[in-house]
Amino acid sequence: MTEPREPISWDECFMQMAHLIAMRSKDPNTRAGAVIVDENKVIVGLGYNGFPRKIREEELPWERTGAFTETKYAYVVHAEANAIYNSNKPVKGCTLYATLFPCNECAKTIIQNGISKVIYESDKYHDDPIWVASRKLFDLAGIEYVQFEPNNKLLLVPVGSG
């Protein structure tokens with residue numbers, strides 16, 4: 001009788017899915033993805049970074065420098081927020097998997113929607129004020145956040161991610 005093989009962990013599975021959905025992003029510099037799962041490990045929301053619905057990609061800039069309204073930062077909806085907006089049921093008590101540690105604006109959205117845990121892969125902006133504020137918000141709200149450490153090589157890691 002053949003023994004069953006050991007599957008990848010749920011964390012690896014959902015982080016891999018976050019990388020896959022990140023590939024939908026048209027951002028030429030950073031592709032971010034997020035997956036929200038409930039207590040039964042059922043996916044309830046997916047998101048990637050991009051412009052709001054009904055706005056054609058060529059109507060807004062993807063630049064990273066310049067006046068605020070001439071950069072992507074004024075217009076892009078982050079993966080974590082999009083996953084919440086795209087959820088098919090309330091996300092209270094859910095876990096969010098993100099390819100990047102959430103910024104302060106996403107942290108506020110995560111807190112307000114009742115997500116209880118964030119599992120993130122990259123923390124490349126750790127010391128920037130926006131991400132310092134994010135951790136402070138999570139700490140004050142009692143949101144658990146854990147850096148993902150894979151046991152296996154991730155199969156899908158898009159260029160420009162984390």
# chains A, B, ... in the order shown; residues from 1 in each chain; ligands from 1
$ select_by_dssp --residues "chain A" --states "strand (DSSP E)" --output "PyMOL selection string"
chain A and resi 33-37+43-48+95-100+117-122+144-147
$ write_last_selection --atoms "C-alpha atoms" --output "mmCIF file, in the first residue's frame"
data_model
loop_
_atom_site.group_PDB
_atom_site.id
_atom_site.type_symbol
_atom_site.label_atom_id
_atom_site.label_comp_id
_atom_site.auth_asym_id
_atom_site.auth_seq_id
_atom_site.Cartn_x
_atom_site.Cartn_y
_atom_site.Cartn_z
ATOM 1 C CA GLY A 33 -1.305 39.938 -3.604
ATOM 2 C CA ALA A 34 -3.590 39.090 -0.693
ATOM 3 C CA VAL A 35 -5.850 36.185 0.218
ATOM 4 C CA ILE A 36 -8.406 36.187 3.034
ATOM 5 C CA VAL A 37 -9.508 32.889 4.564
ATOM 6 C CA ILE A 43 -11.073 31.592 0.738
ATOM 7 C CA VAL A 44 -13.426 34.529 1.122
ATOM 8 C CA GLY A 45 -11.466 37.258 -0.687
ATOM 9 C CA LEU A 46 -8.640 37.836 -3.159
ATOM 10 C CA GLY A 47 -6.908 41.063 -4.134
ATOM 11 C CA TYR A 48 -3.951 42.568 -5.924
ATOM 12 C CA THR A 95 -6.821 35.589 8.440
ATOM 13 C CA LEU A 96 -5.242 37.700 5.719
ATOM 14 C CA TYR A 97 -2.222 36.412 3.780
ATOM 15 C CA ALA A 98 -0.203 39.168 2.087
ATOM 16 C CA THR A 99 2.924 39.137 -0.024
ATOM 17 C CA LEU A 100 3.964 42.442 1.602
ATOM 18 C CA LYS A 117 -4.515 37.766 11.943
ATOM 19 C CA VAL A 118 -2.127 38.860 9.199
ATOM 20 C CA ILE A 119 0.463 36.520 7.720
ATOM 21 C CA TYR A 120 2.874 38.391 5.481
ATOM 22 C CA GLU A 121 5.954 37.428 3.523
ATOM 23 C CA SER A 122 8.094 40.490 2.780
ATOM 24 C CA GLU A 144 -1.687 39.194 15.419
ATOM 25 C CA TYR A 145 0.877 39.469 12.621
ATOM 26 C CA VAL A 146 3.398 36.806 11.691
ATOM 27 C CA GLN A 147 6.064 36.704 9.026
#
$ select_by_dssp --residues "range 21-158 of chain A" --states "alpha helix (DSSP H)" --output "NGL selection string"
:A and (21-22 or 79-85 or 104-112 or 129-141)
$ atom_distance --atom1 "CA of Ser25 in chain A" --atom2 "CA of Asn86 in chain A"
15.0 Å
$ atom_distance --atom1 "CA of Ser116 in chain A" --atom2 "CA of Phe101 in chain A"
14.8 Å
$ closest_residue --among "A:Pro150, A:Gly93, A:Pro28, A:Gly50" --to "Cys13 in chain A" --atoms "only C-alpha atoms"
A:Pro150
$ closest_residue --among "A:Thr2, A:Asn152, A:Ser134, A:Thr109" --to "His78 in chain A" --atoms "only C-alpha atoms"
A:Thr109
$ atom_distance --atom1 "CA of Ala81 in chain A" --atom2 "CA of Gly66 in chain A"
24.4 Å
$ residues_around --residues "range 55-60 of chain A" --least-positions-apart "3" --cutoff "9 Å" --atoms "only C-alpha atoms" --output "MDAnalysis selection string"
chainID A and resid 26 50:52 70:72 75
$ write_last_selection --atoms "N, CA, C and O atoms" --output "compact mmCIF listing (two decimals), in the first residue's frame"
# COMPACT_ATOMS: atom_id res chain seq x y z
N LYS A 26 -0.80 45.15 -12.80
CA LYS A 26 -0.10 45.75 -13.92
C LYS A 26 0.98 46.72 -13.47
O LYS A 26 1.62 47.36 -14.28
N GLY A 50 -3.82 47.57 -7.77
CA GLY A 50 -4.19 48.12 -9.07
C GLY A 50 -5.10 49.32 -8.89
O GLY A 50 -5.47 49.68 -7.77
N PHE A 51 -5.45 49.93 -10.00
CA PHE A 51 -6.33 51.10 -9.96
C PHE A 51 -7.78 50.66 -9.70
O PHE A 51 -8.15 49.52 -9.95
N PRO A 52 -8.61 51.57 -9.19
CA PRO A 52 -10.02 51.23 -8.93
C PRO A 52 -10.75 50.76 -10.18
O PRO A 52 -10.37 51.09 -11.31
N GLU A 70 0.89 62.91 -9.59
CA GLU A 70 1.53 62.40 -10.80
C GLU A 70 2.19 61.04 -10.56
O GLU A 70 2.94 60.56 -11.40
N THR A 71 1.91 60.44 -9.39
CA THR A 71 2.45 59.12 -9.06
C THR A 71 1.31 58.14 -8.82
O THR A 71 0.17 58.53 -8.58
N LYS A 72 1.67 56.88 -8.82
CA LYS A 72 0.69 55.82 -8.59
C LYS A 72 0.10 55.86 -7.17
O LYS A 72 -1.01 55.40 -6.94
N TYR A 75 -3.46 56.84 -6.39
CA TYR A 75 -4.56 56.16 -7.07
C TYR A 75 -4.66 54.65 -6.85
O TYR A 75 -5.75 54.08 -6.99
$ closest_residue --among "A:Ile8, A:Val77, A:His19, A:Ile110" --to "Arg31 in chain A" --atoms "only C-alpha atoms"
A:His19
$ closest_atom_pairs --of "range 29-122 of chain A" --to "range 135-138 of chain A" --cutoff "8 Å" --atoms "only C-alpha atoms" --output "tab-separated table"
residue	atom	partner	partner_atom	distance
A:Asn104	CA	A:Leu137	CA	7.6
A:Ala107	CA	A:Phe138	CA	6.9
A:Lys108	CA	A:Leu137	CA	7.4
A:Ile111	CA	A:Phe138	CA	7.4
$ closest_residue --among "A:Val42, A:Met1, A:Cys103, A:Leu140" --to "Tyr73 in chain A" --atoms "only C-alpha atoms"
A:Cys103
